[in-house]
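Below: one structure, written as C-alpha cells.
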2 protein chains.
Amino acid sequence: MSTRETVDFLLYRWLAVEGLAARPRFAEHGRETFDAVLDLCERLAAEQFAPANRIADTEEPWFDGERVHLPASSHAAAEAYVASGMLAAAQDTAMGGMQLPCVVEMAAQAFFSKAGIGVGGGGMLTSGNANLLMAHGTPLQREVFAKNEFSGRFFGTMCLSEPQAGSSLSDIVTRAVPDGAGHADDPLGPRYRLRGNKMWISNGDHELAENIIHLVLAKIPDADGRLVPGTRGISLFIVPKKLVDTDGRLTGERNDVALAGLNHKLGYRGIPNTLLNFGEGRHPVRAADGGGLDGRGAGAIGYLVGEPGQGLRCMFHMMNEARIAVGLGATMLGLAGYEASLDYARTRTQGRPVGPAGKDPTQPPVALIRHADIRRMLLAQKSWCEGALALCLYCARLVDEQHTGEPAAAAEAALLLEMLTPIAKSWPSEWCLEANSLAIQVHGGYGYTRDFPVEQYWRDNRLNMIHEGTHGIQALDLLGRKVVMDGGRGYAAWAARVNAAIERAIARPGWAREANELAGALKALGHATRAAWATGQPEEALANATPYLQAFGHVTLAWVWLEVALAAEDALAAADGAADADRGRLAAARYFFRYELPRIGAWLGPVESREPLCREMDEAWF
Amino acid sequence: MSTRETVDFLLYRWLAVEGLAARPRFAEHGRETFDAVLDLCERLAAEQFAPANRIADTEEPWFDGERVHLPASSHAAAEAYVASGMLAAAQDTAMGGMQLPCVVEMAAQAFFSKAGIGVGGGGMLTSGNANLLMAHGTPLQREVFAKNEFSGRFFGTMCLSEPQAGSSLSDIVTRAVPDGAGHADDPLGPRYRLRGNKMWISNGDHELAENIIHLVLAKIPDADGRLVPGTRGISLFIVPKKLVDTDGRLTGERNDVALAGLNHKLGYRGIPNTLLNFGEGRHPVRAADGGGLDGRGAGAIGYLVGEPGQGLRCMFHMMNEARIAVGLGATMLGLAGYEASLDYARTRTQGRPVGPAGKDPTQPPVALIRHADIRRMLLAQKSWCEGALALCLYCARLVDEQHTGEPAAAAEAALLLEMLTPIAKSWPSEWCLEANSLAIQVHGGYGYTRDFPVEQYWRDNRLNMIHEGTHGIQALDLLGRKVVMDGGRGYAAWAARVNAAIERAIARPGWAREANELAGALKALGHATRAAWATGQPEEALANATPYLQAFGHVTLAWVWLEVALAAEDALAAADGAADADRGRLAAARYFFRYELPRIGAWLGPVESREPLCREMDEAWF
C-alpha cells in the first residue's frame with residue numbers, strides 16, 4: 001500500500017483526528033482541509049523533492065571561501081516549500097499560519113522527508129527555531145525573527161554542540177559578554193558579544209534565504225570571568241548572520257559569524273552541515289568607538305532570549321517535537337526503501353519457489369515476491385516502518401492533546417510524551433535503518449549500486465541514531481529519568497494505556513493470543529525495571545540502559561500494533577475501506593508478535609540481573 | 001589487543017597450528033616460517049594497502065571507453081602484493097609456491113582485507129581461479145594459465161552471474177558453440193566461441209596485470225540449438241582477455257570480450273565491478289577464412305575446462321574456500337572498525353560517568369571508554385569480530401585437515417566444512433557489519449563523516465551479505481541441504497564437536513553455567529530442526545530458513561567462544577602469555593553468553609512452529 005493510504009488510515013481510522021475539529025483552535029478545519037494539506041505536501045514532495053534527492057547526494061554542498069553552493073534543484077525545492085506555507089502550518093492564523101493540528105502537520109511534512117530528506121533546507125529547523133522564540137522570546141523578537149522565519153524570508157539553525165562537547169552540553173565554552181554600555185537597552189533584547197566554535201550545525205550557511213537566524217547556547221562569565229560549570233550556566237542567544245533592525249530589515253551589516261568548514265558526511269548530504277566560528281573577528285562588526293571584544297569589532301552580536309542561565313530549558317522546550325520529527329524522518333526513509341524494494345520484488349524475476357517437487361528449471365522464473373524469504377524481508381520492513389509511523393503519529397497526536405485537551409487529558413498526554421519521546425526518537429532510527437538494509441538485500445547486487453535509491457536511504461538513515469541525542473543518551477533519559485520521575489507516574493500512565501489495549505484485544509477471538517503475549521511482555525518489562533533499580537545505584541541500573549531502551553521500544557511497538565490491528569479489524573468489519581490494506585496491517589501486526597516481540601527476552605536478561613560485565617570491563621583487556 | 005595478537009593466539013594456542021609441521025606437506029614449515037609470512041603480510045598491508053584504502057574509495061575506477069583507470073596507489077599495492085608471492089602461498093613448491101597450510105595462508109591474507117579490502121586487485125579471485133584450474137584443468141591449462149596467475153603475470157575472474165540470473169544460475173543463457181573444424185584439437189583445450197553478458201564481475205577489466213583470465217560459465221546448445229534447462233547444462237570455459245600461445249606468451253590478439261560498463265557501488269569501490277559482453281563482435285578475433293560466430297570474427301574464444309555439463313561442479317569445487325574468504329573479509333572489516341573505535345574511545349573525552357553522586361560538572365570530562373555504554377559497544381564488537389575470526393580460522397584449519405589429515409579425520413573435516421561454510425560466510429557478514437555500525441556510533445557525529453575510516457568500513461562490509469551467495473541462499477543451503485544431507489550426518493558431526501566442548505567446560509568451575517546454557521541452546525536448535533522438517537514439506541521448513549541460519553550461527557559462535565575461553569584460561573594458568581589479552585577473551589566470551597546467545601529464542605520460535613505467515617502473505621496485502 002502507499003504511504004498515503006497508511007497515513008490516512010492512521011489519522012482517521014485509528015487516531016480519530018477528524019474529531020480535533022471540534023476544538024476551538026481547529027474549528028476552521030475538518031477532513032477536507034486536512035486532506036488538502038496532505039495532498040499538497042505529497043504532490044510537492046513528488047514534484048520538487050524526489051527529483052532533487054539523488055542530485056543533493058552527488059552534488060554535495062561546497063564552499064568557495066565566501067559562499068556555500070547547493071544544486072539548483074535544492075534551491076527550487078526550498079522555494080516551493082516556502083511557498084507552500086508549511087513553515088507556519090501549525091501557527092496562529094494571526095502569525096500567518098493555518099492553525100493545523102500537530103499530528104496533521106507532521107504527517108504532511110513527512111512526505112518531504114520521504115522524497116528527499118536532505119533536500120530543501122530542512123524546514124523543521126526553521127519552524128522549530130521560530131516556535132522556540134514564540135515560547136520564550138519578547139514580542140519584538142517574535143515579530144522580527146520568528147515571523148520572518150515562518151514566512152521563509154529567514155531560515156533558522158540550532159547551535160548547541162561544540163567540537164569538544166557533543167553529548168555533553170555542560171562542557172560548552174562559547175562565551176557571551178555584554179556588548180558595551182547600552183547593551184541592556186537594545187530593543188531586540190539584551191545585547192552580547194559571543195565568541196566560540198559550534199560544530200554539527202545543520203544549515204549553518206547557505207543562500208536559500210535572505211538571512212540565517214542562529215539560536216546559540218553560550219555561557220555568560222561570572223564577575224571573575226569564569227564560566228559556570230554544568231548546564232546551569234548556559235544561556236540562549238539569537239545571533240543573526242546579517243544584522244537586522246527592529247522592522248526586520250537587513251541593516252547591511254554582516255555579523256561576526258564565519259563558516260570554518262563543511263562536514264563531509266556519509267549521507268544526508270543535501271543539508272550543509274557546518275563548523276561555525278562565532279566572534280573570531282573574521283567579519284568585524286560595529287567597530288566604531290572601539291566596539292567588540294578586541295576594540296576592532298570582533299565578536300558575534302547576539303540577543304539574549306529569556307533569562308540568563310535558562311538557555312537549556314528554553315532549548316529543550318522544543319525537544320519532544322524535534323525528537324519525534326527525527327523518528328518520523330527515519331520512518332519515512334524506511335518507508336521509501338520498503339516501497340522501492342516492494343516495487344522491485346514485484347517486477348524482477350529470479351528463480352523458482354521451493355515446492356514439494358523441488359525447483360523445476362523448465363518452468364519460467366517467478367517474481368521475487370513469490371519467494372517466502374523475500375516476503376519475510378518485505379513483511380519485516382512493513383512491520384517496522386508502518387509501526388514506527390503509527391508510533392510517531394500517536395506521539396504527535398499527544399502533542400495536540402497536551403496543547404488543546406482538557407486539563408486532565410493534557411497532563412496525561414504530557415506525561416506520556418515524556419515516556420514515549422525517547423522511543424519515538426530511537427526506535428525508528430534503529431529499525432527503519434535495519435529496514436533499509438533489507439531493502440538493499442531484496443535488490444541483491446543491484447541494491448548495492450548507486451543506480452537504485454536504496455543504498456542512499458540506508459546511508460541517510462544512519463544519521464538518525466546519532467543526532468538529537470544518541471541512542472545511548474535516549475536510553476539514559478528513559479531508564480535514568482523518565483521511568484523513575486515523579487515516583488514512576490509516567491511509567492504507570494504508559495502501562496495503563498498498554499493494559500487498556502490488552503483488555504480490548506483479549507475479548508477478540510483473533511487477538512487473545514497476542515494480547516496475552518503483550519501482557520507477558522509488559523510483566524517482564526516491569527519486573528526488569530524494578531530489578532534494574534533494586535539497589536538504587538544508578539551505575540548498576542544504567543549500565544544496561546540501551547538494551548532496556550530496545551526492550552521498552554519493542555513492547556511499545558507491540559502495543560501500537562495491537563491497537564492498529566484492532567482498528568484494522570473494525571475497518572474490515574465495516575467493509576467500507578480498503579480490505580487488502582487492512583489485511584496487510586493484520587499480517588504486519590502478527591509478524592511483529594511472531595518475529596519481533598520475542599526479542600525482548602535477550603535484552604531484558606542483562607537488565608534484570610544488573611549484568612556488570614560491561615561496566616567492570618577493564619580498559620586494558622580490550 | 002591488536003588483531004595480530006588475536007591471530008597468534010587462535011593459531012597457536014587454540015588451533016595448535018604448529019603441529020601441522022609434522023605432516024609431510026608442511027615439513028619445511030614451523031612457527032618461524034608461519035610468523036615470517038604473517039609479519040610480511042601485516043607489514044605490506046600497513047605500508048601499501050592502508051594508505052591506499054580511502055583513495056580507492058574516493059577515486060573510483062573509471063572507463064575512458066578503452067581502458068579502466070585505477071589510482072596509482074592501487075597499482076603499487078597490487079605490485080607489492082604480487083611480489084610477496086602470496087598468490088601462490090598454498091601451492092606446491094614445484095608451482096612456485098610455499099606449501100603453506102590454508103589456515104596460515106588465510107590468516108596472513110586477511111591483513112590485506114583489514115587494511116584495504118578494495119585495494120590491490122583482489123588476489124583471492126586470481127588464486128581461486130588458478131586453484132580451480134589446478135583441480136580441473138589439463139596439464140597445459142595449468143601450465144599456461146594457472147602458473148601465470150600464481151606468479152601474478154595474469155589476474156583472474158569468475159564469471160557466473162548474468163543480468164537476469166544472479167542467485168539463479170540455472171537461468172544463464174551465455175552460449176558456447178564449437179569454434180570451427182579443428183576445435184577439438186586445440187592444445188589449450190576444446191575451443192569454443194562464447195556469446196553472452198556477464199554481470200557483477202569483479203576485476204573484469206583493469207591494467208594491473210599483463211592479461212586477465214576469465215573463467216566463464218556457459219551452456220553448450222544441444223543438436224537443435226536449444227540450451228539445456230537447469231544447472232546440468234552448464235559448462236566451464238577459460239576465456240583470456242588476450243589470447244596466448246602454448247607457452248603462455250601473448251599472441252597479440254585481443255579476444256572478443258568487451259567491457260560494457262562499470263558498476264557504481266556503495267562500497268568496495270577499489271575493485272572494478274563490471275558488466276562484460278562476451279562475443280558481441282566488439283573485438284573480432286581470428287576472422288580469417290570466415291571464422292567466428294558471424295564469419296567476421298565475433299565470438300569470444302574459450303577453452304573448455306573439464307567435461308561438458310560439469311561447469312557448476314568445477315566452479316563449486318572452490319566454493320567452500322571462497323565463502324570462508326568472504327566471511328574472513330567481513331571479519332577483518334569488523335576488526336578494523338573495532339580497532340578504530342577503540343582508539344577513539346581511549347583518546348576522546350566526553351561527559352562524566354554515572355555515579356552515586358550524579359555527574360559532577362566541575363570534574364574534567366573522562367575518556368569515552370569510561371562510560372559503560374561505550375564499553376558495551378566495544379565489547380559487542382570484540383565479541384562478534386574476534387568470534388568470527390575464530391570461526392573462519394577454525395574452518396580454514398578444517399580445509400587443511402580435509403587435504404592432509406588421516407582419512408577418517410579428513411572425511412569428518414569435509415563433513416564439518418559442509419555444515420560450517422554457510423555460517424562462516426553469513427555470520428560475519430551480518431554481525432561484523434553490525435559491529436561497523438557500532439564503530440560509527442562510538443565516534444558519534446564524527447563517525448558519520450568521511451574524516452574517519454569507520455563509515456567506509458560499514459559501506460564496504462554491506463556487500464558481504466550479498467555476493468558469493470546471499471544470506472537467503474546460505475540459509476536454504478544450510479537448512480535445505482546441509483542439515484538433512486546423508487541422513488543428518490553433518491549435523492551430527494557438528495553437534496558432536498559442540499558437545500565435546502560442553503563436556504570439557506562443564507568440569508571447569510568458571511564455565512559450567514555457560515556450558516549448560518550452550519547445552520540448552522543445542523537442544524533447542526535440535527528440537528527446532530526436527531520440527532521444521534516434521535511434515536517433510538520443503539516449503540514449510542524453508543519459509544523460516546533465514547531465522548534458522550541466524551540461530552544456528554549464534555549457537556556455533558557460542559561453541560567457538562567456549563572453546564576459545566577454555567584455551568584462554570589455560571593460557572592464563574600457564575602464566576606465560578599476555579594476561580590482559582586472555583582476560584579480554586574471557587570477557588568477550590561471557591559477553592556472548594550473556595547478551596548474544598539468548599537471541600536464539602526469538603529466531604527459533606517461527607522455525608519450530610513452521611510459522612506460515614510469510615509464505616502465505618498475499619501479494620496484494622503489502
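Residues in the C-alpha cells are named by chain (A, B, ... in the order shown) and by number from 1 within that chain; ligands are numbered from 1 in the order shown.
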Excluding region 165-170 of chain B and its own-chain neighbours fewer than 6 positions away, which residues fall within 10 Å of it when counting only C-alpha atoms? Please give them as a PyMOL selection string. (chain A and resi 349-352+360-362+365+444-446) or (chain B and resi 198-200+217+219+228-234+312+466-470+472-473)
I need the residues from that last selection saved to file as a PDB file, in the first residue's frame (with N, CA and C atoms), if you can.
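out_30.pdb was written with the following content:
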ATOM      1  N   THR A 349      12.204 -10.855 -11.897  1.00  0.00           N
ATOM      2  CA  THR A 349      12.042 -12.302 -11.769  1.00  0.00           C
ATOM      3  C   THR A 349      13.386 -12.929 -11.426  1.00  0.00           C
ATOM      4  N   GLN A 350      13.321 -14.002 -10.672  1.00  0.00           N
ATOM      5  CA  GLN A 350      14.534 -14.734 -10.287  1.00  0.00           C
ATOM      6  C   GLN A 350      14.142 -16.061  -9.652  1.00  0.00           C
ATOM      7  N   GLY A 351      14.647 -17.158 -10.199  1.00  0.00           N
ATOM      8  CA  GLY A 351      14.484 -18.473  -9.589  1.00  0.00           C
ATOM      9  C   GLY A 351      13.040 -18.956  -9.544  1.00  0.00           C
ATOM     10  N   ARG A 352      12.862 -20.022  -8.811  1.00  0.00           N
ATOM     11  CA  ARG A 352      11.558 -20.656  -8.682  1.00  0.00           C
ATOM     12  C   ARG A 352      11.304 -20.964  -7.218  1.00  0.00           C
ATOM     13  N   ASP A 360      11.789 -26.654 -10.546  1.00  0.00           N
ATOM     14  CA  ASP A 360      11.759 -27.166 -11.905  1.00  0.00           C
ATOM     15  C   ASP A 360      12.310 -26.115 -12.871  1.00  0.00           C
ATOM     16  N   PRO A 361      13.518 -26.370 -13.394  1.00  0.00           N
ATOM     17  CA  PRO A 361      14.150 -25.332 -14.218  1.00  0.00           C
ATOM     18  C   PRO A 361      13.489 -25.148 -15.577  1.00  0.00           C
ATOM     19  N   THR A 362      12.570 -26.036 -15.943  1.00  0.00           N
ATOM     20  CA  THR A 362      11.901 -25.827 -17.233  1.00  0.00           C
ATOM     21  C   THR A 362      10.769 -24.805 -17.099  1.00  0.00           C
ATOM     22  N   PRO A 365      11.093 -18.386 -14.612  1.00  0.00           N
ATOM     23  CA  PRO A 365      11.355 -17.816 -13.282  1.00  0.00           C
ATOM     24  C   PRO A 365      10.154 -17.003 -12.808  1.00  0.00           C
ATOM     25  N   GLY A 444      19.337  -7.508  -4.079  1.00  0.00           N
ATOM     26  CA  GLY A 444      20.553  -8.245  -4.417  1.00  0.00           C
ATOM     27  C   GLY A 444      21.655  -7.272  -4.819  1.00  0.00           C
ATOM     28  N   GLY A 445      22.495  -7.698  -5.740  1.00  0.00           N
ATOM     29  CA  GLY A 445      23.632  -6.863  -6.163  1.00  0.00           C
ATOM     30  C   GLY A 445      23.204  -5.489  -6.654  1.00  0.00           C
ATOM     31  N   TYR A 446      22.053  -5.415  -7.290  1.00  0.00           N
ATOM     32  CA  TYR A 446      21.589  -4.111  -7.786  1.00  0.00           C
ATOM     33  C   TYR A 446      21.392  -3.122  -6.645  1.00  0.00           C
TER      34      TYR A 446
ATOM     35  N   LYS B 198      27.865 -11.044 -18.889  1.00  0.00           N
ATOM     36  CA  LYS B 198      28.134 -11.449 -17.515  1.00  0.00           C
ATOM     37  C   LYS B 198      28.161 -10.217 -16.618  1.00  0.00           C
ATOM     38  N   MET B 199      27.440 -10.316 -15.499  1.00  0.00           N
ATOM     39  CA  MET B 199      27.233  -9.177 -14.594  1.00  0.00           C
ATOM     40  C   MET B 199      27.930  -9.423 -13.268  1.00  0.00           C
ATOM     41  N   TRP B 200      28.302  -8.327 -12.607  1.00  0.00           N
ATOM     42  CA  TRP B 200      28.903  -8.366 -11.258  1.00  0.00           C
ATOM     43  C   TRP B 200      30.293  -8.987 -11.284  1.00  0.00           C
ATOM     44  N   LEU B 217      31.057 -19.462 -16.964  1.00  0.00           N
ATOM     45  CA  LEU B 217      30.018 -20.475 -17.076  1.00  0.00           C
ATOM     46  C   LEU B 217      29.152 -20.182 -18.299  1.00  0.00           C
ATOM     47  N   LYS B 219      26.489 -22.300 -21.545  1.00  0.00           N
ATOM     48  CA  LYS B 219      25.795 -23.529 -21.949  1.00  0.00           C
ATOM     49  C   LYS B 219      26.110 -23.872 -23.403  1.00  0.00           C
ATOM     50  N   VAL B 228      20.095 -26.454 -22.548  1.00  0.00           N
ATOM     51  CA  VAL B 228      19.534 -27.384 -21.571  1.00  0.00           C
ATOM     52  C   VAL B 228      19.109 -26.603 -20.334  1.00  0.00           C
ATOM     53  N   PRO B 229      17.847 -26.734 -19.912  1.00  0.00           N
ATOM     54  CA  PRO B 229      17.422 -26.013 -18.716  1.00  0.00           C
ATOM     55  C   PRO B 229      18.158 -26.533 -17.484  1.00  0.00           C
ATOM     56  N   GLY B 230      18.279 -25.668 -16.503  1.00  0.00           N
ATOM     57  CA  GLY B 230      18.842 -26.095 -15.225  1.00  0.00           C
ATOM     58  C   GLY B 230      20.358 -26.037 -15.212  1.00  0.00           C
ATOM     59  N   THR B 231      20.911 -26.424 -14.099  1.00  0.00           N
ATOM     60  CA  THR B 231      22.355 -26.295 -13.909  1.00  0.00           C
ATOM     61  C   THR B 231      23.123 -27.432 -14.589  1.00  0.00           C
ATOM     62  N   ARG B 232      22.419 -28.529 -14.968  1.00  0.00           N
ATOM     63  CA  ARG B 232      23.119 -29.641 -15.604  1.00  0.00           C
ATOM     64  C   ARG B 232      23.689 -29.259 -16.967  1.00  0.00           C
ATOM     65  N   GLY B 233      23.129 -28.209 -17.555  1.00  0.00           N
ATOM     66  CA  GLY B 233      23.596 -27.823 -18.885  1.00  0.00           C
ATOM     67  C   GLY B 233      24.789 -26.889 -18.870  1.00  0.00           C
ATOM     68  N   ILE B 234      25.334 -26.612 -17.711  1.00  0.00           N
ATOM     69  CA  ILE B 234      26.361 -25.568 -17.606  1.00  0.00           C
ATOM     70  C   ILE B 234      27.771 -26.155 -17.734  1.00  0.00           C
ATOM     71  N   LEU B 312      29.320 -26.261 -13.235  1.00  0.00           N
ATOM     72  CA  LEU B 312      28.986 -25.780 -11.907  1.00  0.00           C
ATOM     73  C   LEU B 312      29.707 -26.587 -10.836  1.00  0.00           C
ATOM     74  N   ILE B 466      25.675 -10.099   0.344  1.00  0.00           N
ATOM     75  CA  ILE B 466      25.088 -10.229  -0.995  1.00  0.00           C
ATOM     76  C   ILE B 466      25.900 -11.155  -1.899  1.00  0.00           C
ATOM     77  N   HIS B 467      27.215 -10.917  -1.999  1.00  0.00           N
ATOM     78  CA  HIS B 467      27.950 -11.692  -3.004  1.00  0.00           C
ATOM     79  C   HIS B 467      28.342 -13.085  -2.483  1.00  0.00           C
ATOM     80  N   GLU B 468      28.751 -13.934  -3.416  1.00  0.00           N
ATOM     81  CA  GLU B 468      29.085 -15.335  -3.089  1.00  0.00           C
ATOM     82  C   GLU B 468      27.927 -16.073  -2.435  1.00  0.00           C
ATOM     83  N   GLY B 469      26.700 -15.804  -2.900  1.00  0.00           N
ATOM     84  CA  GLY B 469      25.519 -16.425  -2.296  1.00  0.00           C
ATOM     85  C   GLY B 469      24.951 -15.551  -1.213  1.00  0.00           C
ATOM     86  N   THR B 470      23.750 -15.013  -1.453  1.00  0.00           N
ATOM     87  CA  THR B 470      23.142 -14.112  -0.469  1.00  0.00           C
ATOM     88  C   THR B 470      22.861 -14.837   0.842  1.00  0.00           C
ATOM     89  N   GLY B 472      20.004 -15.314   2.135  1.00  0.00           N
ATOM     90  CA  GLY B 472      18.883 -16.241   1.914  1.00  0.00           C
ATOM     91  C   GLY B 472      19.332 -17.539   1.260  1.00  0.00           C
ATOM     92  N   ILE B 473      20.288 -17.434   0.342  1.00  0.00           N
ATOM     93  CA  ILE B 473      20.816 -18.630  -0.328  1.00  0.00           C
ATOM     94  C   ILE B 473      21.600 -19.496   0.665  1.00  0.00           C
TER      95      ILE B 473
END
Contact residues around Ile324 (chain A) with only C-alpha atoms at 7 Å, ignoring same-chain residues under 2 positions, as number ranges by chain: A: 320-322, 326-328, 392, 421, 424-425
Serialized selection, N, CA and C atoms, as an mmCIF file, in the first residue's frame:
data_model
loop_
_atom_site.group_PDB
_atom_site.id
_atom_site.type_symbol
_atom_site.label_atom_id
_atom_site.label_comp_id
_atom_site.auth_asym_id
_atom_site.auth_seq_id
_atom_site.Cartn_x
_atom_site.Cartn_y
_atom_site.Cartn_z
ATOM 1 N N ASN A 320 10.870 17.582 22.607
ATOM 2 C CA ASN A 320 9.974 16.458 22.307
ATOM 3 C C ASN A 320 9.592 16.453 20.834
ATOM 4 N N GLU A 321 9.144 17.621 20.346
ATOM 5 C CA GLU A 321 8.720 17.652 18.951
ATOM 6 C C GLU A 321 9.885 17.411 17.990
ATOM 7 N N ALA A 322 11.047 17.960 18.326
ATOM 8 C CA ALA A 322 12.215 17.754 17.457
ATOM 9 C C ALA A 322 12.573 16.274 17.405
ATOM 10 N N VAL A 326 12.632 13.619 14.270
ATOM 11 C CA VAL A 326 13.751 12.769 13.850
ATOM 12 C C VAL A 326 13.267 11.340 13.629
ATOM 13 N N GLY A 327 12.473 10.849 14.572
ATOM 14 C CA GLY A 327 11.933 9.498 14.425
ATOM 15 C C GLY A 327 11.078 9.366 13.171
ATOM 16 N N LEU A 328 10.310 10.411 12.912
ATOM 17 C CA LEU A 328 9.438 10.382 11.736
ATOM 18 C C LEU A 328 10.270 10.428 10.450
ATOM 19 N N CYS A 392 4.930 7.421 15.801
ATOM 20 C CA CYS A 392 5.249 8.854 15.680
ATOM 21 C C CYS A 392 3.974 9.686 15.576
ATOM 22 N N THR A 421 8.804 9.873 24.055
ATOM 23 C CA THR A 421 9.715 10.593 23.160
ATOM 24 C C THR A 421 11.040 9.850 22.930
ATOM 25 N N ALA A 424 10.160 7.226 20.438
ATOM 26 C CA ALA A 424 9.831 7.754 19.108
ATOM 27 C C ALA A 424 11.091 8.214 18.377
ATOM 28 N N LYS A 425 12.083 8.656 19.130
ATOM 29 C CA LYS A 425 13.351 9.074 18.518
ATOM 30 C C LYS A 425 14.222 7.878 18.180
#
Got a sec to pull out which chain B residues are within 7 Å of chain A, counting only C-alpha atoms, and send them as JSON, numbers by chain? {"B": [1, 165, 168, 170, 229, 230, 263, 264, 265, 266, 350, 351, 354, 355, 356, 361, 362, 372, 373, 375, 376, 441, 444, 445, 448, 449, 450, 455, 463, 466, 472, 537, 538, 539, 543, 580, 581, 583, 584, 594, 595, 598, 599, 602, 606, 614, 615, 620, 621, 622]}
Just list as a ChimeraX atom specification whatever in region 147-395 of chain B DSSP marks as alpha helix (DSSP H). /B:147-150,311-316,319-347,372-395
Near Val483 (chain A), within 12 Å and counting only C-alpha atoms, which residues show up once chain neighbours fewer than 3 positions away are dropped, as a PyMOL selection string? chain A and resi 415-416+418-420+422+475-480+486-495+525-526+528-530+532-533+541-542+545+548-549+552
If we count only C-alpha atoms and set the cut-off at 12 Å, which residues sit around Thr404 (chain A), ignoring sequence neighbours fewer than 3 positions away in its own chain? Please answer as a list in words.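 Near Thr404 (chain A), the qualifying residues are Leu20, Ala21, Ala22, Arg23, Pro24, Arg25, Phe26, Ala27, Gln99, Leu100, Pro101, Cys102, Arg397, Leu398, Val399, Asp400, Glu401, Pro407, Ala408, Ala409, Ala410, Ala411, Ala413 and Ala414 of chain A.
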Identify, with DSSP run on backbone atoms, the residues in region 171-406 of chain B assigned to strand (DSSP E or B), and express the list as an MDAnalysis selection string. chainID B and resid 175:178 191:202 211:219 234:240 242:244 250:254 257:262 265 273:278 300:305 349 367
Contacts of Phe154 (chain A) at 6 Å or less, counting only C-alpha atoms, minus same-chain residues fewer than 4 places along, as JSON, numbers by chain? {"A": [148, 149, 209, 210, 211, 212]}
Please indicate the distance in Å from CA of Ala76 (chain A) to CA of Leu276 (chain A), rounded to one decimal place. 25.6 Å
Residue contacts of Ile271 (chain A) (8 Å, only C-alpha atoms) excluding same-chain residues fewer than 6 positions away, as an mmCIF file with N, CA and C atoms, in the first residue's frame:
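Writing done, so here's out-v3.cif:
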data_model
loop_
_atom_site.group_PDB
_atom_site.id
_atom_site.type_symbol
_atom_site.label_atom_id
_atom_site.label_comp_id
_atom_site.auth_asym_id
_atom_site.auth_seq_id
_atom_site.Cartn_x
_atom_site.Cartn_y
_atom_site.Cartn_z
ATOM 1 N N PRO A 61 27.129 20.041 -1.010
ATOM 2 C CA PRO A 61 27.387 21.464 -0.787
ATOM 3 C C PRO A 61 28.894 21.729 -0.818
ATOM 4 N N GLY A 118 17.326 15.213 2.552
ATOM 5 C CA GLY A 118 18.402 16.207 2.586
ATOM 6 C C GLY A 118 18.166 17.364 1.633
ATOM 7 N N VAL A 119 16.935 17.486 1.168
ATOM 8 C CA VAL A 119 16.626 18.491 0.150
ATOM 9 C C VAL A 119 15.817 19.621 0.765
ATOM 10 N N GLY A 121 16.372 22.500 2.506
ATOM 11 C CA GLY A 121 16.699 23.422 3.592
ATOM 12 C C GLY A 121 16.216 23.019 4.961
ATOM 13 N N GLY A 122 15.682 21.797 5.115
ATOM 14 C CA GLY A 122 15.334 21.350 6.460
ATOM 15 C C GLY A 122 14.381 22.284 7.170
ATOM 16 N N SER A 202 23.533 22.104 11.309
ATOM 17 C CA SER A 202 22.842 21.874 10.038
ATOM 18 C C SER A 202 22.347 23.193 9.484
ATOM 19 N N ASN A 203 22.501 23.372 8.179
ATOM 20 C CA ASN A 203 22.108 24.613 7.506
ATOM 21 C C ASN A 203 22.787 25.831 8.095
#
Contacts of region 556-567 of chain B at 10 Å or less, counting only C-alpha atoms, minus same-chain residues fewer than 6 places along, as JSON, numbers by chain? {"B": [9, 10, 13, 14, 15, 383, 384, 386, 387, 388, 390, 391, 394, 420, 423, 424, 427, 494, 495, 497, 498, 499, 500, 501, 502, 504, 505, 508, 510, 511, 514, 515, 517, 518, 519, 521, 522, 550, 573, 582, 583, 584, 585, 586, 587, 588, 589, 590, 591, 592, 593, 596, 597]}
Could you write out the selected residues, including C-alpha atoms, as a short mmCIF file (atom, residue, chain, number, x, y, z; two decimals), in the first residue's frame?
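Okay, this is what ended up in selection07.cif:
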data_model
loop_
_atom_site.label_atom_id
_atom_site.label_comp_id
_atom_site.auth_asym_id
_atom_site.auth_seq_id
_atom_site.Cartn_x
_atom_site.Cartn_y
_atom_site.Cartn_z
CA PHE B 9 46.56 -16.79 19.97
CA LEU B 10 43.99 -18.50 17.77
CA ARG B 13 47.12 -21.53 21.47
CA TRP B 14 43.80 -22.73 20.19
CA LEU B 15 44.19 -24.44 16.80
CA SER B 383 32.75 -10.47 20.79
CA TRP B 384 31.33 -10.51 17.25
CA GLU B 386 37.04 -11.96 17.32
CA GLY B 387 34.45 -14.73 17.44
CA ALA B 388 34.04 -14.50 13.67
CA ALA B 390 37.99 -17.73 15.38
CA LEU B 391 35.25 -19.38 13.34
CA TYR B 394 38.68 -22.93 12.51
CA LEU B 420 30.04 -24.64 8.74
CA ILE B 423 27.82 -19.96 8.75
CA ALA B 424 31.38 -18.82 8.04
CA TRP B 427 27.53 -14.87 10.22
CA TRP B 494 28.82 -30.71 14.20
CA ALA B 495 26.75 -31.42 17.32
CA ARG B 497 32.01 -31.16 18.45
CA VAL B 498 29.71 -28.81 20.34
CA ASN B 499 29.00 -31.50 22.90
CA ALA B 500 32.70 -32.23 23.33
CA ALA B 501 33.30 -28.59 24.22
CA ILE B 502 30.36 -28.62 26.62
CA ARG B 504 35.20 -30.09 28.78
CA ALA B 505 33.70 -26.82 30.01
CA ARG B 508 35.51 -26.05 34.95
CA GLY B 510 34.12 -20.85 35.88
CA TRP B 511 32.31 -22.16 32.81
CA GLU B 514 27.90 -21.27 30.05
CA ALA B 515 28.32 -24.97 29.27
CA GLU B 517 23.46 -22.65 28.51
CA LEU B 518 25.11 -23.98 25.38
CA ALA B 519 23.69 -27.44 26.04
CA ALA B 521 20.72 -23.95 23.14
CA LEU B 522 21.89 -27.05 21.29
CA GLN B 550 20.83 -16.89 12.38
CA ALA B 573 47.06 -20.59 34.09
CA ASP B 582 43.42 -13.51 27.80
CA ARG B 583 41.16 -11.77 30.30
CA GLY B 584 39.72 -9.80 27.42
CA ARG B 585 38.91 -13.04 25.64
CA LEU B 586 37.21 -14.38 28.75
CA ALA B 587 35.12 -11.22 28.98
CA ALA B 588 34.20 -11.35 25.29
CA ALA B 589 33.14 -14.99 25.71
CA ARG B 590 30.99 -14.10 28.73
CA TYR B 591 29.51 -11.22 26.79
CA PHE B 592 28.50 -13.61 24.05
CA PHE B 593 26.72 -15.86 26.52
CA GLU B 596 24.02 -12.80 22.36
CA LEU B 597 23.12 -16.44 22.83
#
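Shortest separation to Arg142 (chain B) among B:Ala130, B:Leu333, B:Ala107, B:Val173 occurs at residue B:Ala130, atoms counted being only C-alpha atoms.
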